[in-house]
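Data file: final05.csv. Format and content: CSV, C-alpha atoms and all ligand atoms.
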```csv
chain,number,residue,atom,x,y,z
A,8,MET,CA,117.0,90.6,120.8
A,9,ASP,CA,119.6,87.9,121.4
A,10,PHE,CA,123.3,88.6,122.0
A,11,SER,CA,124.6,87.9,118.5
A,12,GLU,CA,121.9,90.1,117.0
A,13,LYS,CA,122.8,92.9,119.3
A,14,GLU,CA,126.5,92.5,118.5
A,15,LEU,CA,125.9,92.5,114.8
A,16,LEU,CA,123.6,95.5,115.0
A,17,GLY,CA,126.4,97.3,116.8
A,18,GLN,CA,128.8,96.7,113.9
A,19,ILE,CA,126.4,98.1,111.3
A,20,ASP,CA,127.7,101.4,109.8
A,21,ALA,CA,124.5,103.4,109.0
A,22,ALA,CA,126.4,105.4,106.4
A,23,ARG,CA,127.2,102.3,104.4
A,24,LEU,CA,123.9,100.6,104.3
A,25,PRO,CA,122.4,99.6,100.9
A,26,ARG,CA,119.4,101.8,99.9
A,27,HIS,CA,117.6,98.9,98.2
A,28,VAL,CA,117.9,95.3,99.2
A,29,ALA,CA,116.2,92.6,97.0
A,30,ILE,CA,115.8,89.0,98.1
A,31,ILE,CA,115.3,85.7,96.2
A,32,MET,CA,113.4,83.8,98.9
A,33,ASP,CA,114.3,80.2,98.1
A,34,GLY,CA,114.2,76.9,100.0
A,35,ASN,CA,110.7,76.7,101.4
A,36,GLY,CA,110.1,73.2,99.9
A,37,ARG,CA,113.4,71.8,101.2
A,38,TRP,CA,112.7,73.3,104.6
A,39,ALA,CA,109.4,71.4,104.8
A,40,LYS,CA,111.0,68.2,103.6
A,41,LEU,CA,113.9,68.5,106.1
A,42,ARG,CA,111.3,68.7,108.9
A,43,GLY,CA,109.6,65.6,107.6
A,44,PHE,CA,106.4,67.4,106.3
A,45,LYS,CA,104.9,65.6,103.4
A,46,ASP,CA,103.3,68.9,102.2
A,47,ARG,CA,105.9,71.3,100.8
A,48,THR,CA,103.5,74.2,101.3
A,49,ARG,CA,104.3,74.0,105.0
A,50,GLY,CA,107.5,75.8,104.0
A,51,HIS,CA,105.6,78.6,102.4
A,52,ARG,CA,103.5,79.1,105.5
A,53,ALA,CA,106.7,79.2,107.6
A,54,GLY,CA,108.2,81.6,105.1
A,55,ILE,CA,105.6,84.2,105.9
A,56,GLU,CA,107.3,84.8,109.3
A,57,ALA,CA,110.6,85.3,107.6
A,58,VAL,CA,108.9,87.9,105.3
A,59,ARG,CA,107.7,89.7,108.3
A,60,ALA,CA,111.1,89.6,110.0
A,61,ALA,CA,112.9,90.9,106.9
A,62,THR,CA,110.4,93.7,106.4
A,63,ARG,CA,110.7,94.8,110.1
A,64,THR,CA,114.5,94.7,109.9
A,65,ALA,CA,114.6,96.8,106.7
A,66,ALA,CA,112.2,99.4,108.2
A,67,GLN,CA,114.2,99.5,111.5
A,68,LEU,CA,117.4,100.2,109.6
A,69,HIS,CA,115.7,102.9,107.5
A,70,LEU,CA,116.4,101.2,104.1
A,71,ALA,CA,114.7,102.9,101.3
A,72,ALA,CA,113.3,99.8,99.7
A,73,LEU,CA,113.0,96.0,100.1
A,74,THR,CA,112.0,93.9,97.1
A,75,LEU,CA,110.9,90.3,97.8
A,76,TYR,CA,110.6,87.7,95.0
A,77,ALA,CA,107.4,86.2,96.1
A,78,PHE,CA,106.1,84.6,92.9
A,79,SER,CA,107.8,84.4,89.5
A,80,GLU,CA,106.2,84.2,86.1
A,81,GLU,CA,107.7,80.6,85.9
A,82,ASN,CA,106.0,79.7,89.2
A,83,TRP,CA,102.6,79.5,87.4
A,84,SER,CA,103.8,76.1,86.1
A,85,ARG,CA,103.7,74.7,89.7
A,86,PRO,CA,100.9,72.3,90.8
A,87,LYS,CA,97.5,74.0,91.0
A,88,TYR,CA,97.3,73.2,94.7
A,89,GLU,CA,100.6,74.9,95.5
A,90,ILE,CA,99.7,78.0,93.4
A,91,SER,CA,96.3,78.4,95.1
A,92,LEU,CA,97.9,78.0,98.6
A,93,LEU,CA,100.5,80.6,97.7
A,94,MET,CA,97.8,83.0,96.4
A,95,SER,CA,95.7,82.5,99.6
A,96,LEU,CA,98.8,83.1,101.8
A,97,LEU,CA,99.5,86.3,99.8
A,98,LYS,CA,95.9,87.6,100.1
A,99,ARG,CA,95.9,86.9,103.9
A,100,PHE,CA,99.3,88.5,104.3
A,101,LEU,CA,98.2,91.6,102.4
A,102,LYS,CA,95.2,92.0,104.6
A,103,GLU,CA,96.6,91.1,108.0
A,104,GLU,CA,99.8,93.1,107.5
A,105,ILE,CA,98.0,96.5,107.1
A,106,PRO,CA,98.3,97.6,110.8
A,107,GLU,CA,102.0,96.6,110.9
A,108,LEU,CA,102.7,98.5,107.6
A,109,MET,CA,100.9,101.6,108.9
A,110,GLU,CA,102.6,101.5,112.2
A,111,ASN,CA,106.0,101.3,110.6
A,112,ASN,CA,105.3,103.9,107.8
A,113,ILE,CA,105.8,101.2,105.1
A,114,ARG,CA,104.4,101.7,101.6
A,115,LEU,CA,103.5,98.5,99.7
A,116,VAL,CA,103.9,98.3,95.9
A,117,ALA,CA,104.2,95.4,93.5
A,118,SER,CA,106.2,94.5,90.4
A,119,GLY,CA,105.2,92.0,87.8
A,120,ARG,CA,102.3,91.0,85.5
A,121,ILE,CA,100.0,91.4,88.4
A,122,HIS,CA,96.9,91.2,86.2
A,123,ARG,CA,97.5,87.5,86.1
A,124,LEU,CA,96.8,87.2,89.9
A,125,PRO,CA,93.4,85.8,90.9
A,126,PRO,CA,90.8,88.6,91.2
A,127,ASP,CA,90.4,88.4,95.0
A,128,CYS,CA,94.2,88.6,95.4
A,129,LEU,CA,94.5,91.5,93.0
A,130,LYS,CA,91.7,93.4,94.8
A,131,GLN,CA,93.4,93.0,98.2
A,132,LEU,CA,96.7,94.0,96.7
A,133,GLU,CA,95.1,97.2,95.3
A,134,GLU,CA,93.5,97.9,98.6
A,135,THR,CA,96.7,97.5,100.6
A,136,LYS,CA,98.5,99.6,98.1
A,137,THR,CA,95.9,102.4,98.4
A,138,ILE,CA,95.8,102.3,102.2
A,139,THR,CA,99.6,102.5,102.5
A,140,ALA,CA,100.1,104.9,99.6
A,141,GLY,CA,100.8,107.9,101.9
A,142,ASN,CA,103.5,106.2,104.0
A,143,THR,CA,106.9,107.7,103.5
A,144,GLY,CA,109.3,105.2,105.1
A,145,LEU,CA,110.4,101.8,103.6
A,146,ILE,CA,108.9,100.8,100.2
A,147,LEU,CA,108.1,97.1,100.3
A,148,ASN,CA,108.0,95.9,96.7
A,149,LEU,CA,106.5,92.5,96.2
A,150,ALA,CA,107.6,90.8,92.9
A,151,LEU,CA,104.5,88.9,91.9
A,152,SER,CA,104.1,87.1,88.7
A,153,TYR,CA,107.4,88.7,88.0
A,154,GLY,CA,110.1,87.9,85.4
A,155,GLY,CA,113.0,90.0,84.5
A,156,ARG,CA,112.8,89.3,80.8
A,157,ALA,CA,109.0,89.9,80.9
A,158,GLU,CA,109.6,93.2,82.6
A,159,ILE,CA,112.0,94.3,79.9
A,160,THR,CA,109.6,93.0,77.2
A,161,ASP,CA,106.7,95.0,78.8
A,162,ALA,CA,108.9,98.1,78.9
A,163,LEU,CA,109.7,97.7,75.2
A,164,ALA,CA,106.0,97.3,74.3
A,165,ALA,CA,105.2,100.5,76.3
A,166,ILE,CA,108.0,102.4,74.6
A,167,LEU,CA,106.8,101.2,71.2
A,168,GLU,CA,103.3,102.3,71.9
A,169,GLU,CA,104.5,105.8,72.9
A,170,SER,CA,106.6,105.9,69.8
A,171,GLU,CA,103.6,105.1,67.7
A,172,GLN,CA,101.7,108.0,69.4
A,173,GLY,CA,104.6,110.2,68.4
A,174,LYS,CA,105.7,110.8,72.0
A,175,ILE,CA,109.1,109.1,71.6
A,176,LYS,CA,111.6,109.2,68.8
A,177,PRO,CA,114.5,106.7,68.2
A,178,GLN,CA,117.0,109.3,69.3
A,179,ASP,CA,115.2,109.6,72.7
A,180,ILE,CA,116.0,105.9,73.5
A,181,SER,CA,118.4,105.8,76.4
A,182,GLU,CA,119.0,103.6,79.5
A,183,GLU,CA,117.3,106.2,81.6
A,184,LEU,CA,114.2,106.0,79.3
A,185,VAL,CA,114.1,102.2,79.6
A,186,SER,CA,114.4,102.4,83.4
A,187,ARG,CA,111.4,104.8,83.4
A,188,HIS,CA,109.3,102.1,81.7
A,189,LEU,CA,110.0,99.3,84.2
A,190,TYR,CA,107.4,98.2,86.7
A,191,GLN,CA,108.6,100.5,89.6
A,192,PRO,CA,110.5,103.4,88.0
A,193,GLY,CA,110.7,105.3,91.3
A,194,LEU,CA,112.8,102.7,93.0
A,195,PRO,CA,116.6,103.0,93.2
A,196,ASP,CA,118.4,100.0,91.6
A,197,PRO,CA,119.1,97.3,94.2
A,198,ASP,CA,122.5,97.6,95.8
A,199,LEU,CA,122.3,94.2,97.4
A,200,ILE,CA,120.6,91.0,96.1
A,201,ILE,CA,120.4,88.1,98.6
A,202,ARG,CA,119.6,84.6,97.6
A,203,THR,CA,118.9,81.9,100.2
A,204,SER,CA,119.1,78.1,100.1
A,205,GLY,CA,122.6,77.7,98.6
A,206,GLU,CA,121.5,78.2,95.0
A,207,TYR,CA,123.7,80.4,92.8
A,208,ARG,CA,121.4,81.7,90.2
A,209,THR,CA,119.7,84.9,89.4
A,210,SER,CA,116.5,83.1,88.2
A,211,ASN,CA,115.3,86.0,86.0
A,212,PHE,CA,115.2,88.5,88.9
A,213,LEU,CA,115.8,92.2,88.3
A,214,LEU,CA,117.9,91.6,85.2
A,215,TRP,CA,118.0,95.3,84.3
A,216,GLN,CA,118.1,96.9,87.7
A,217,GLY,CA,120.6,94.4,89.1
A,218,ALA,CA,123.4,95.3,86.7
A,219,TYR,CA,125.7,96.6,89.4
A,220,ALA,CA,124.2,94.9,92.5
A,221,GLU,CA,126.3,93.0,94.9
A,222,TYR,CA,125.2,89.5,95.4
A,223,TYR,CA,125.1,87.6,98.7
A,224,PHE,CA,124.4,83.9,98.8
A,225,THR,CA,123.6,82.0,102.0
A,226,ASP,CA,122.8,78.3,102.6
A,227,VAL,CA,120.0,79.3,105.0
A,228,LEU,CA,116.6,78.1,103.8
A,229,TRP,CA,114.1,81.0,103.5
A,230,PRO,CA,111.9,80.1,106.5
A,231,ASP,CA,115.1,80.2,108.7
A,232,PHE,CA,116.1,83.7,107.4
A,233,ASN,CA,116.0,85.8,110.5
A,234,LYS,CA,117.3,89.2,111.6
A,235,THR,CA,120.8,87.7,112.4
A,236,VAL,CA,121.2,86.4,108.8
A,237,PHE,CA,120.0,89.7,107.3
A,238,LEU,CA,122.5,91.6,109.5
A,239,GLN,CA,125.3,89.2,108.4
A,240,ALA,CA,124.4,89.9,104.7
A,241,LEU,CA,124.5,93.7,105.4
A,242,LEU,CA,127.8,93.5,107.1
A,243,ASP,CA,129.3,91.5,104.2
A,244,PHE,CA,128.0,94.2,101.9
A,245,GLN,CA,129.7,96.9,103.9
A,246,LYS,CA,133.1,95.2,103.3
A,247,ARG,CA,132.7,95.3,99.5
A,248,GLU,CA,134.3,97.9,97.3
A,249,ARG,CA,131.9,98.9,94.6
A,250,ARG,CA,133.5,100.2,91.5
A,251,PHE,CA,130.7,100.3,88.9
A,252,GLY,CA,133.1,99.4,86.2
A,253,GLY,CA,135.6,102.1,87.3
A,254,ILE,CA,138.9,101.6,89.0
A,255,GLY,CA,137.8,102.6,92.5
A,301,LIG,C1,110.8,79.4,96.7
A,301,LIG,O1,110.9,78.2,97.5
A,301,LIG,C2,109.7,80.2,97.3
A,301,LIG,C3,108.6,80.6,96.6
A,301,LIG,C4,108.4,80.1,95.2
A,301,LIG,C5,107.6,81.4,97.1
A,301,LIG,C6,108.0,82.4,98.2
A,301,LIG,C7,106.8,82.6,99.0
A,301,LIG,C8,106.8,82.9,100.3
A,301,LIG,C9,108.0,83.1,101.1
A,301,LIG,C10,105.5,83.0,101.1
A,301,LIG,C11,104.6,84.0,100.5
A,301,LIG,C12,105.1,85.4,100.4
A,301,LIG,C13,104.4,86.5,100.7
A,301,LIG,C14,105.1,87.8,100.4
A,301,LIG,C15,103.1,86.5,101.2
A,301,LIG,P1,110.7,76.8,96.8
A,301,LIG,O2,109.3,76.4,97.0
A,301,LIG,O3,111.2,76.9,95.4
A,301,LIG,O4,111.7,75.9,97.7
A,301,LIG,P2,112.5,74.6,97.2
A,301,LIG,O5,113.5,75.1,96.1
A,301,LIG,O6,113.2,74.2,98.4
A,301,LIG,O7,111.5,73.6,96.6
```

Take the structure in the file and give it back as structure tokens.
Amino acid sequence: MDFSEKELLGQIDAARLPRHVAIIMDGNGRWAKLRGFKDRTRGHRAGIEAVRAATRTAAQLHLAALTLYAFSEENWSRPKYEISLLMSLLKRFLKEEIPELMENNIRLVASGRIHRLPPDCLKQLEETKTITAGNTGLILNLALSYGGRAEITDALAAILEESEQGKIKPQDISEELVSRHLYQPGLPDPDLIIRTSGEYRTSNFLLWQGAYAEYYFTDVLWPDFNKTVFLQALLDFQKRERRFGGIG
């Protein structure tokens, strides 16, 4: 642990930490380009280390959940080579990370149209989910083939189906009912959403759940996102007054 990390950690108020942090991991391609790599996927490879660091920090601080936007529904339109590299990185990560997840009591879950993942990836995802299912610490939620609008659309379809089966009536429809039909109904809404790489967009991420989230934007490119940057985001969050539409 370097000096600045130690100092930042000392300033963290454990009573004012977010329960759920969600991160839009952006800037892998630019990171690779800046380093003179012709292949932008070098940035994705480097991004894995940042995924590990963020997960470790979230577990160490006893956050309830960390959601990482690893692959969006829109990302399927990227070149075939990039998609297949991302899928193989994901599969390897899901397998190699099991000991670390077990050691840190982390449960892995996923959000998204995961049936669209390649079968070998999906199989490894299910395996890692099953192996870590009994862990009671941090929930690591990977957003895979994820889109916020798709999630709401899928929830509507599920609600309609239950309605046709006579299980739900129009007067039962409430925000709480919609929340219960999202991909991970057990998770608290994100308190803090971080986006790297200096872009100021939500990019279809957690549209429903993020209604009252605090946003933190940093110019840091995802592969450079380390514990210090994470702690800076958390300290910034601690300074905010959250009013949820009230007057505080
Ligand atoms: C955005 O950067 C990043 C992604 C589309 C993928 C994120 C994936 C990883 C960090 C690695 C795999 C993750 C796991 C959990 C195994 P970009 O390519 O859009 O960057 P750019 O905007 O600079 O081009």

Per-axis box centre and lengths in Å around region 22-30 of chain A, 8 Å margin per side, axis-aligned, as lines of an AutoDock Vina configuration file:
```
center_x = 121.5
center_y = 97.2
center_z = 101.7
size_x = 27.4
size_y = 32.4
size_z = 25.4
```

Could the residues that lie within 8 Å of ligand LIG 301 (chain A), counting only C-alpha atoms and all ligand atoms, be listed as a PyMOL selection string?
chain A and resi 31-39+47-48+50-55+57-58+75-79+82+93-94+96-101+149+204+228-230

Distance of CA of Gly141 (chain A) from CA of Ile105 (chain A), expressed in Å to one decimal place:
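These two atoms are separated by 12.8 Å.
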
List the neighbours of Gly217 (chain A) out to 9 Å using all atoms listed in the file; skip same-chain residues closer than 6 positions along the sequence, and give me the result as a list of chain:residue names.
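Close residues of Gly217 (chain A): A:Asp196, A:Pro197, A:Asp198, A:Leu199, A:Ile200.
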
Report as a Markdown table the residues of region 52-98 of chain A within 10 Å of region 173-194 of chain A, each with its shortest atom pair and distance in Å (one decimal), using all atoms listed in the file, ordered by chain and increasing residue number.
```
| residue | atom | partner | partner_atom | distance |
| --- | --- | --- | --- | --- |
| A:Ala71 | CA | A:Leu194 | CA | 8.5 |
| A:Ala72 | CA | A:Leu194 | CA | 7.3 |
| A:Leu73 | CA | A:Leu194 | CA | 9.8 |
| A:Thr74 | CA | A:Leu194 | CA | 9.7 |
```

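Taking CA of Phe244 (chain A) as the reference point, CA of Gly155 (chain A) is found at 23.4 Å.
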
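Remark: residues at most 10 Å from position (124.2, 96.1, 114.8) in file coordinates are A:Ser11, A:Glu12, A:Lys13, A:Glu14, A:Leu15, A:Leu16, A:Gly17, A:Gln18, A:Ile19, A:Asp20, A:Ala21, A:Leu68, A:Thr235, A:Leu238, A:Gln239, A:Leu241, A:Leu242, using all atoms listed in the file.
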
Interface rows for region 138-218 of chain A against region 129-132 of chain A: nearest pair, Å to one decimal, 12 Å, only C-alpha atoms, as JSON lines:
```
{"residue": "A:Ile138", "atom": "CA", "partner": "A:Leu132", "partner_atom": "CA", "distance": 10.0}
{"residue": "A:Thr139", "atom": "CA", "partner": "A:Leu132", "partner_atom": "CA", "distance": 10.7}
{"residue": "A:Ala140", "atom": "CA", "partner": "A:Leu132", "partner_atom": "CA", "distance": 11.8}
{"residue": "A:Asn148", "atom": "CA", "partner": "A:Leu132", "partner_atom": "CA", "distance": 11.5}
{"residue": "A:Leu149", "atom": "CA", "partner": "A:Leu132", "partner_atom": "CA", "distance": 9.9}
{"residue": "A:Ala150", "atom": "CA", "partner": "A:Leu132", "partner_atom": "CA", "distance": 12.0}
{"residue": "A:Leu151", "atom": "CA", "partner": "A:Leu129", "partner_atom": "CA", "distance": 10.4}
{"residue": "A:Ser152", "atom": "CA", "partner": "A:Leu129", "partner_atom": "CA", "distance": 11.4}
```

Identify, on the basis of all atoms listed in the file, every residue whose closest approach to Phe224 (chain A) does not exceed 10 Å; exclude the query and any residue fewer than 3 positions from it along the same chain; express the result as a ChimeraX atom specification.
/A:31,200-208,227,240

Missing atoms of region 178-195 of chain A rebuilt to N, CA and C atoms, written as a short mmCIF file (atom, residue, chain, number, x, y, z; two decimals), in the frame of the given file:
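And here's selection_1.cif as it stands now:
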```
data_model
loop_
_atom_site.label_atom_id
_atom_site.label_comp_id
_atom_site.auth_asym_id
_atom_site.auth_seq_id
_atom_site.Cartn_x
_atom_site.Cartn_y
_atom_site.Cartn_z
N GLN A 178 115.90 108.64 68.66
CA GLN A 178 117.00 109.30 69.30
C GLN A 178 116.79 109.56 70.83
N ASP A 179 115.52 109.38 71.27
CA ASP A 179 115.20 109.60 72.70
C ASP A 179 115.53 108.32 73.52
N ILE A 180 115.75 107.19 72.82
CA ILE A 180 116.00 105.90 73.50
C ILE A 180 117.28 105.99 74.31
N SER A 181 117.18 105.76 75.60
CA SER A 181 118.40 105.80 76.40
C SER A 181 118.14 104.77 77.58
N GLU A 182 119.19 104.47 78.33
CA GLU A 182 119.00 103.60 79.50
C GLU A 182 118.04 104.18 80.47
N GLU A 183 118.13 105.47 80.63
CA GLU A 183 117.30 106.20 81.60
C GLU A 183 115.79 106.02 81.14
N LEU A 184 115.55 106.11 79.83
CA LEU A 184 114.20 106.00 79.30
C LEU A 184 113.65 104.55 79.55
N VAL A 185 114.52 103.55 79.31
CA VAL A 185 114.10 102.20 79.60
C VAL A 185 113.76 102.01 81.05
N SER A 186 114.65 102.51 81.93
CA SER A 186 114.40 102.40 83.40
C SER A 186 113.06 103.00 83.76
N ARG A 187 112.71 104.10 83.10
CA ARG A 187 111.40 104.80 83.40
C ARG A 187 110.22 103.96 83.01
N HIS A 188 110.42 102.95 82.17
CA HIS A 188 109.30 102.10 81.70
C HIS A 188 109.24 100.77 82.43
N LEU A 189 110.07 100.60 83.46
CA LEU A 189 110.00 99.30 84.20
C LEU A 189 108.84 99.40 85.20
N TYR A 190 108.59 98.29 85.89
CA TYR A 190 107.40 98.20 86.70
C TYR A 190 107.40 99.28 87.87
N GLN A 191 108.57 99.51 88.48
CA GLN A 191 108.60 100.50 89.60
C GLN A 191 109.74 101.50 89.30
N PRO A 192 109.47 102.43 88.39
CA PRO A 192 110.50 103.40 88.00
C PRO A 192 111.02 104.26 89.12
N GLY A 193 110.25 104.40 90.17
CA GLY A 193 110.70 105.30 91.30
C GLY A 193 111.69 104.67 92.19
N LEU A 194 111.90 103.38 92.09
CA LEU A 194 112.80 102.70 93.00
C LEU A 194 114.26 102.86 92.59
N PRO A 195 115.17 103.06 93.54
CA PRO A 195 116.60 103.00 93.20
C PRO A 195 116.95 101.58 92.77
#
```
